[in-house]
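Engineer: Quick one: the structure is below, questions incoming.
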Amino acid sequence: MDSLRWQIAHDEPRTWTVSELTAYIRDLFEIDFRLQDVELEGEVSNFTQARSGHLYFTLKDANAQLKCVMWRSAAERLRYLPQDGDAVQVHGRISVYEAGGVYQLYADRLQLAGRGDLALAFERLKQKLADEGLFAPERKRPIPPFPRKIGIVTSADAAALRDILNVLARRWPLAQVLIAPTLVQGTEAPSQIARALQWLDGRSDVDTILIARGGGSLEDLWAFNDERVARAIFAAQHPIICGVGHEVDFTIADFVADLRAPTPSAAAELAVPDKAEVAAQVAALQTRLRASMVDRLTISRRQVQAQTRQLFLLSPRRRLDSHRQRLDMLTDRLAQAMQRRLVQAQARLAVAQAQLQAVGPLATLARGYAIVRAADGRIVRSAHQVQPDEAIEVQVIDGRFSAQVTQT
């Protein structure tokens, strides 16, 4: 390709291949910085989304059309998919698709056309803070059910403040109110709102903080779309309820706050319980407690009566009498058993004695036999165990006597 460019630069005639010429044209597109950062507005047609997630569409106006492609990595960041006929603003770069021999727009951003700068800024800031995790549901803190003191960030002379105070006084007059007055509209409002919120958040006696403002246009509510306010809400330690505008109004502060209320009055209602409902719940609990206590007393009384009857039936005196009688019976049985065992043992002993006498050495001696022992006490069982002139001892039935061997 470098040699081709050199030859073109020196006007040397040659025959190009289609691939070479297309690649050269692509290079011309890509070295033109104006074509690498373009923003177009037109109407979408022939919109398709491939299985890969890539988007393909044509951007056209009354006189021309341009093929466009948006890769999946960029398409995943879109909050909506355009449809045929939508007027859109598209940002991207121009290059050549060599296989098709056409130039096209490689889009990286897309939004509906006709939206104001504020709306665009709103979406960009919203996307930025969402990516940073400021809207994450898992970081939302629960609202205390019975707050003792409520901090309010709003304008001191606004109708929204009066509505909030009326709701708080009607629903939960036990809660104290601490107001941090601030501007809620204009260029100075965001910094004042952030400072007021930080002042309330620095107090240890505040349980819940309300940020409130009445309805208005996008421009009127813009202070609550400021990044400083959003980050102050995110950094707060106390739970925050945001009630800005009317039901259809959404601000960045709504997304960051722990709880979003459609109106300032609704924010006050979400911040405190209703005393009438709490009183009804307490009355219901008292009734349930009283009924439960009556039931428990009835059950306990029945248990005591049953245990008293059971204690009478299991009286220790009755058991003692029964055990005494059984002890006497067992003592008699034991004495009888011991007597039988003794008689049986005596009989076995007599038999054993008779058997022992029958096979004992004395019985043998009584029949005329004798036991011969050598001088060292050994019993002589053979003639070879003694020598002539050796002294021996002879035991007979009624005693012993000494003898001498004369011949073997």
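Every chain in the structure tokens takes a letter, A first, then B, and so on in the order presented; its residues are numbered from 1, and the ligands are numbered from 1 following the presented order.
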Need the shell around stretch 20-26 of chain A: protein/DNA/RNA residues with any atom at most 7 Å away, counting only C-alpha atoms. Skip same-chain ones fewer than 6 positions apart. Format as a count of residues only?

Structural biologist: 4

Engineer: Give me every strand (DSSP E) residue in stretch 182-271 of chain A, going by DSSP on the backbone, as a ChimeraX atom specification.

Structural biologist: /A:208-213,240-244,259-260

Engineer: Skipping near chain neighbours, those fewer than 6 positions away, what residues fall within 9 Å of A:Asn46 using only C-alpha atoms, listed as a PyMOL selection string?

Structural biologist: chain A and resi 56-59+83-84

Engineer: Neighbouring residues of A:Gly399 were defined as those with any atom within 12 Å, considering only C-alpha atoms; residues of the same chain fewer than 4 positions away were excluded. Please report them as a ChimeraX atom specification.

Structural biologist: /A:362,365-366,370-371,393-395

Engineer: Pick from A:Gln407, A:Gln344, A:Thr48, A:Gln36: nearest to A:Gln387, with only C-alpha atoms counted?

Structural biologist: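 Checking each of A:Gln407, A:Gln344, A:Thr48, A:Gln36 against A:Gln387, counting only C-alpha atoms, the winner is A:Gln407.
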
Engineer: Run DSSP on the backbone and give me the residues of stretch 219-250 of chain A it puts in helix (DSSP H, G or I), as a PyMOL selection string.

Structural biologist: chain A and resi 222-225+227-235

Engineer: Give me the stretch 221-249 of chain A side of the contact with stretch 187-194 of chain A, cut-off 12 Å, one line per residue showing its nearest atom pair and distance in Å at one decimal, counting only C-alpha atoms, sorted by chain and residue number, as CSV.

Structural biologist:
residue,atom,partner,partner_atom,distance
A:Leu221,CA,A:Ala189,CA,10.1
A:Trp222,CA,A:Pro190,CA,8.7
A:Ala223,CA,A:Pro190,CA,5.1
A:Phe224,CA,A:Pro190,CA,7.0
A:Asn225,CA,A:Pro190,CA,8.6
A:Asp226,CA,A:Pro190,CA,6.3
A:Glu227,CA,A:Pro190,CA,8.5
A:Arg228,CA,A:Ala194,CA,6.6
A:Val229,CA,A:Ala194,CA,5.2
A:Ala230,CA,A:Ala194,CA,8.5
A:Arg231,CA,A:Ala194,CA,8.5
A:Ala232,CA,A:Ala194,CA,5.7
A:Ile233,CA,A:Ala194,CA,7.9
A:Phe234,CA,A:Ala194,CA,10.8
A:Ala235,CA,A:Ala194,CA,10.5
A:Ala236,CA,A:Ala194,CA,10.2

Engineer: Between A:Thr364, A:Leu161, A:Ser292, A:Val278, which is the closest to A:Pro264 once you count only C-alpha atoms?

Structural biologist: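 The answer is A:Leu161, which sits nearest to A:Pro264.
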
Engineer: Could you tell me which of A:Glu43, A:His54, A:Glu30, A:Gly368 comes closest to A:Arg93 if we count only C-alpha atoms?

Structural biologist: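 Between A:Glu43, A:His54, A:Glu30, A:Gly368, the residue approaching A:Arg93 most closely is A:Glu30.
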
Engineer: Residues within 10 Å of stretch 270-272 of chain A, please, as number ranges by chain. Count only C-alpha atoms; anything in the same chain fewer than 3 positions from it doesn't count.

Structural biologist: A: 143-148, 150, 167-168, 171-175, 207-210, 239-241, 243, 259-261, 264-267, 275

Engineer: How many Å separate atom CA of A:Ala253 from atom CA of A:Val206?

Structural biologist: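 So the two atoms, atom CA of A:Ala253 and atom CA of A:Val206, lie 19.9 Å apart.
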
Engineer: Figure out the distance between atom CA of A:Ala113 and atom CA of A:Val38, please, to one decimal in Å.

Structural biologist: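 For atom CA of A:Val38 relative to atom CA of A:Ala113, the distance reads 15.2 Å.
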
Engineer: Work out how far apart atom CA of A:Gly100 and atom CA of A:Leu81 are and give it in Å to one decimal.

Structural biologist: 25.2 Å

Engineer: Write out as a PyMOL selection string which residues come within 12 Å of A:Val380 when counting only C-alpha atoms, dropping same-chain ones fewer than 2 positions away.

Structural biologist: chain A and resi 370-378+382-387+391-395

Engineer: With only C-alpha atoms as the atoms that count, which of A:Phe29, A:Leu129, A:Pro137, A:Phe47 lies nearest to A:Ile94?

Structural biologist: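 Checking each of A:Phe29, A:Leu129, A:Pro137, A:Phe47 against A:Ile94, counting only C-alpha atoms, the winner is A:Phe29.
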